[in-house]
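Colleague: Below you will find the structure I want to go over with you.
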Amino acid sequence: MKKIFAYTDGLTRLPTHYCPGCTHGVIHRVVGEVIDELGIRGTTVGVAPVGCAVLAYKYFNCDMFEASHGRAPAVATGAKRCRPEMSVFTYQGDGDLASIGMAEIVHAANRGEKFTVIFVNNAIYGMTGGQMAPTTMPNQRSTTTPFGRDVNLAGYPIRVAEMLSTLTTPAYVSRVSSHTAEQTVRAKEVIKKAFQYQIAGTCFTFVEVLSTCPTNWGLSPRESNKWLEKEMLPYYPLGDIKRPEDFEGGQHAGN
């Protein structure tokens, strides 16, 4: 009988700590499968963030660092520059990357550091209690915005992928989602391409993955998937935003 589904050796066999319906586990699996399929598990190092994915080092079956809050790109920069033959990736949430770590990711991208960033955007701070994040939607309720995000006071959600794509440095920047099986398959294809660009030494690669947070959204997992599709997709459109082949002159900058 042909096997059509199997556990990936890119992940350990530990059960995760994530809440029911959270798609961090789905995204973990996709990244683990990509690492395994590319045959780079023995030469890959990941950087875990502070936040819901703080224990990611327990789940990915490769060498891992734990970075201070928002500092994963700095740690990844050091690892990649010291061992450029390694495949290096950061796995970060929106609070970690888009708030305290905003300067780190902007400057790493601007320098053209050749590692891969998996940016999980669930529009809220998860582990720390459901506060408003830089990516929280207008009028979305959180523990710090009980009446909804007021854009006149807090500004609009930050589109990190679009912001990074304005930098002159060549990069691969894309946004995918994990709220349906079809979109998860697409997410895997994009993440695989990002790692392939890194392996080829082409450019900085950044994949934003829209994710759900049923616990802090106050919704069921099914309702969360529908909310993401209705509220987040129009504001955070999916697709490739920047590709290295579109860089004027075809020259690849970076170290």
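By convention in this document, the chains of the structure tokens carry letters A, B, ... by their order, each chain's residues are numbered from 1, and ligands are numbered from 1 in the order they are shown.
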Extract, using only C-alpha atoms, all DNA, RNA and protein residues at most 12 Å from A:Gly39, discarding same-chain residues fewer than 3 positions from it, and format them as a ChimeraX atom specification.
Modeller: /A:9-10,32-36,42-44,62,87,192,195-196,199
Colleague: If we count only C-alpha atoms and set the cut-off at 8 Å, which residues sit around stretch 212-229 of chain A, ignoring sequence neighbours fewer than 4 positions away in its own chain? Please answer as a ChimeraX atom specification.
Modeller: /A:19-23,122,124,126,129-130,141-142,179-180,233-234
Colleague: So which one's closest to A:Glu245, A:Ser177, A:Thr136, A:Thr8, A:Thr202? Using only C-alpha atoms, please.
Modeller: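 Of the candidates, the smallest distance to A:Glu245 is held by A:Thr202.
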Colleague: Rounded to one decimal, what separation in Å do you get between atom CA of A:Leu55 and atom CA of A:Ile4?
Modeller: 29.2 Å
Colleague: Going by DSSP on the backbone, which bits of stretch 34-184 of chain A are alpha helix (DSSP H)? Write them as an NGL selection string, please.
Modeller: :A and (34-37 or 72-82 or 94-95 or 102-111 or 151-154 or 160-165 or 181-184)
Colleague: Based on the selection just made, write N, CA and C atoms of those residues as a compact mmCIF listing (two decimals), in the first residue's frame.
Modeller:
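This went into again.txt:
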# COMPACT_ATOMS: atom_id res chain seq x y z
N VAL A 34 9.94 20.81 4.90
CA VAL A 34 10.83 21.46 3.93
C VAL A 34 12.29 21.16 4.24
N ILE A 35 12.66 21.28 5.50
CA ILE A 35 14.04 20.98 5.90
C ILE A 35 14.40 19.54 5.56
N ASP A 36 13.48 18.63 5.82
CA ASP A 36 13.72 17.21 5.54
C ASP A 36 13.81 16.94 4.04
N GLU A 37 12.89 17.50 3.27
CA GLU A 37 12.85 17.24 1.83
C GLU A 37 14.07 17.82 1.12
N ALA A 72 16.18 37.75 17.39
CA ALA A 72 16.49 36.58 16.55
C ALA A 72 17.27 36.94 15.29
N PRO A 73 16.94 38.03 14.57
CA PRO A 73 17.73 38.35 13.38
C PRO A 73 19.20 38.63 13.68
N ALA A 74 19.48 39.21 14.85
CA ALA A 74 20.88 39.47 15.22
C ALA A 74 21.62 38.16 15.46
N VAL A 75 20.96 37.23 16.15
CA VAL A 75 21.58 35.93 16.39
C VAL A 75 21.77 35.18 15.07
N ALA A 76 20.76 35.25 14.20
CA ALA A 76 20.86 34.58 12.90
C ALA A 76 21.97 35.18 12.05
N THR A 77 22.15 36.49 12.14
CA THR A 77 23.22 37.15 11.40
C THR A 77 24.58 36.61 11.83
N GLY A 78 24.78 36.50 13.14
CA GLY A 78 26.04 35.97 13.64
C GLY A 78 26.29 34.54 13.20
N ALA A 79 25.23 33.70 13.28
CA ALA A 79 25.37 32.30 12.90
C ALA A 79 25.69 32.16 11.41
N LYS A 80 24.99 32.92 10.58
CA LYS A 80 25.18 32.79 9.13
C LYS A 80 26.52 33.34 8.69
N ARG A 81 26.96 34.42 9.30
CA ARG A 81 28.25 34.98 8.91
C ARG A 81 29.41 34.09 9.36
N CYS A 82 29.24 33.44 10.52
CA CYS A 82 30.29 32.54 11.00
C CYS A 82 30.31 31.23 10.21
N ASP A 94 4.45 38.02 15.63
CA ASP A 94 4.33 39.44 15.32
C ASP A 94 4.73 40.34 16.48
N GLY A 95 4.49 39.93 17.72
CA GLY A 95 4.94 40.73 18.85
C GLY A 95 6.45 40.76 18.93
N MET A 102 11.51 45.19 15.68
CA MET A 102 11.35 45.85 14.38
C MET A 102 12.68 46.35 13.81
N ALA A 103 13.49 47.01 14.64
CA ALA A 103 14.77 47.52 14.14
C ALA A 103 15.66 46.38 13.67
N GLU A 104 15.64 45.27 14.41
CA GLU A 104 16.50 44.13 14.06
C GLU A 104 16.16 43.59 12.67
N ILE A 105 14.87 43.41 12.39
CA ILE A 105 14.49 42.79 11.12
C ILE A 105 14.71 43.76 9.96
N VAL A 106 14.45 45.04 10.19
CA VAL A 106 14.65 46.03 9.12
C VAL A 106 16.12 46.10 8.71
N HIS A 107 17.01 46.16 9.68
CA HIS A 107 18.42 46.30 9.35
C HIS A 107 19.02 45.01 8.82
N ALA A 108 18.54 43.86 9.30
CA ALA A 108 19.02 42.59 8.74
C ALA A 108 18.62 42.47 7.27
N ALA A 109 17.37 42.86 6.97
CA ALA A 109 16.91 42.82 5.58
C ALA A 109 17.67 43.82 4.73
N ASN A 110 17.91 45.00 5.28
CA ASN A 110 18.60 46.05 4.52
C ASN A 110 20.05 45.67 4.23
N ARG A 111 20.65 44.90 5.13
CA ARG A 111 22.03 44.42 4.89
C ARG A 111 22.07 43.25 3.92
N VAL A 151 -7.65 53.38 15.41
CA VAL A 151 -6.52 53.76 14.55
C VAL A 151 -6.13 55.22 14.74
N ASN A 152 -7.02 56.03 15.29
CA ASN A 152 -6.69 57.43 15.55
C ASN A 152 -5.72 57.57 16.73
N LEU A 153 -5.71 56.56 17.59
CA LEU A 153 -4.81 56.56 18.74
C LEU A 153 -3.60 55.65 18.53
N ALA A 154 -3.83 54.49 17.94
CA ALA A 154 -2.79 53.47 17.83
C ALA A 154 -2.22 53.32 16.43
N VAL A 160 4.31 44.33 7.53
CA VAL A 160 5.77 44.17 7.61
C VAL A 160 6.35 43.73 6.27
N ALA A 161 5.70 42.80 5.59
CA ALA A 161 6.23 42.30 4.33
C ALA A 161 6.34 43.42 3.30
N GLU A 162 5.30 44.24 3.19
CA GLU A 162 5.34 45.35 2.24
C GLU A 162 6.41 46.36 2.63
N MET A 163 6.55 46.62 3.91
CA MET A 163 7.55 47.58 4.38
C MET A 163 8.96 47.11 4.00
N LEU A 164 9.27 45.84 4.26
CA LEU A 164 10.60 45.32 3.93
C LEU A 164 10.84 45.30 2.43
N SER A 165 9.77 45.15 1.67
CA SER A 165 9.93 45.07 0.21
C SER A 165 10.34 46.41 -0.40
N ALA A 181 -6.33 23.88 4.18
CA ALA A 181 -5.38 22.90 3.66
C ALA A 181 -4.74 23.40 2.37
N GLU A 182 -5.54 23.99 1.51
CA GLU A 182 -5.02 24.49 0.24
C GLU A 182 -3.96 25.57 0.46
N GLN A 183 -4.26 26.50 1.37
CA GLN A 183 -3.30 27.56 1.63
C GLN A 183 -2.05 27.04 2.33
N THR A 184 -2.19 26.00 3.14
CA THR A 184 -1.03 25.41 3.81
C THR A 184 -0.10 24.76 2.79
Colleague: I need the residue nearest A:Gly101 from this list: A:Met127, A:Ala67, A:Cys203, A:Leu11. Use only C-alpha atoms for the distance.
Modeller: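 Counting only C-alpha atoms, the residue closest to A:Gly101 is A:Ala67.
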Colleague: Can you work out which one of A:Tyr91, A:Tyr18, A:Phe5, A:His69 has the shortest atom-to-atom distance to A:Val47, counting only C-alpha atoms?
Modeller: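 Distance minimum relative to A:Val47 lands on A:Tyr91.
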Colleague: What does the structure give for the distance between atom CA of A:Met64 and atom CA of A:Ala6, in Å to one decimal?
Modeller: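 Interatomic distance here is 23.7 Å.
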Colleague: By how many Å are atom CA of A:Val117 and atom CA of A:Met232 apart?
Modeller: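 Separation of atom CA of A:Val117 and atom CA of A:Met232: 20.5 Å.
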Colleague: Run DSSP on the backbone and give me the residues of stretch 186-229 of chain A it puts in strand (DSSP E or B), as a PyMOL selection string.
Modeller: chain A and resi 204-210
Colleague: Using only C-alpha atoms, which of the listed residues (A:Thr116, A:Val30, A:Lys2, A:Gly93) sits closest to A:Val45?
Modeller: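 So, comparing all the options, the nearest one is A:Thr116.
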Colleague: Report as a ChimeraX atom specification all protein, DNA and RNA residues lying within 7 Å of A:Pro134, evaluated on only C-alpha atoms, omitting residues in the same chain fewer than 5 positions from it.
Modeller: /A:98-99,157-158
Colleague: Generate the output file for the selected residues, N, CA and C atoms, as a CSV table (one decimal), in the first residue's frame.
Modeller:
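out_24.csv, freshly written:
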chain,number,residue,atom,x,y,z
A,98,ALA,N,7.7,42.3,15.0
A,98,ALA,CA,7.2,43.6,14.5
A,98,ALA,C,7.1,44.7,15.6
A,99,SER,N,7.3,44.3,16.9
A,99,SER,CA,7.3,45.3,18.0
A,99,SER,C,8.7,45.5,18.4
A,157,PRO,N,-2.5,48.8,11.4
A,157,PRO,CA,-1.7,47.6,11.5
A,157,PRO,C,-0.5,47.8,10.5
A,158,ILE,N,0.6,47.3,10.9
A,158,ILE,CA,1.8,47.4,10.1
A,158,ILE,C,1.9,46.2,9.1
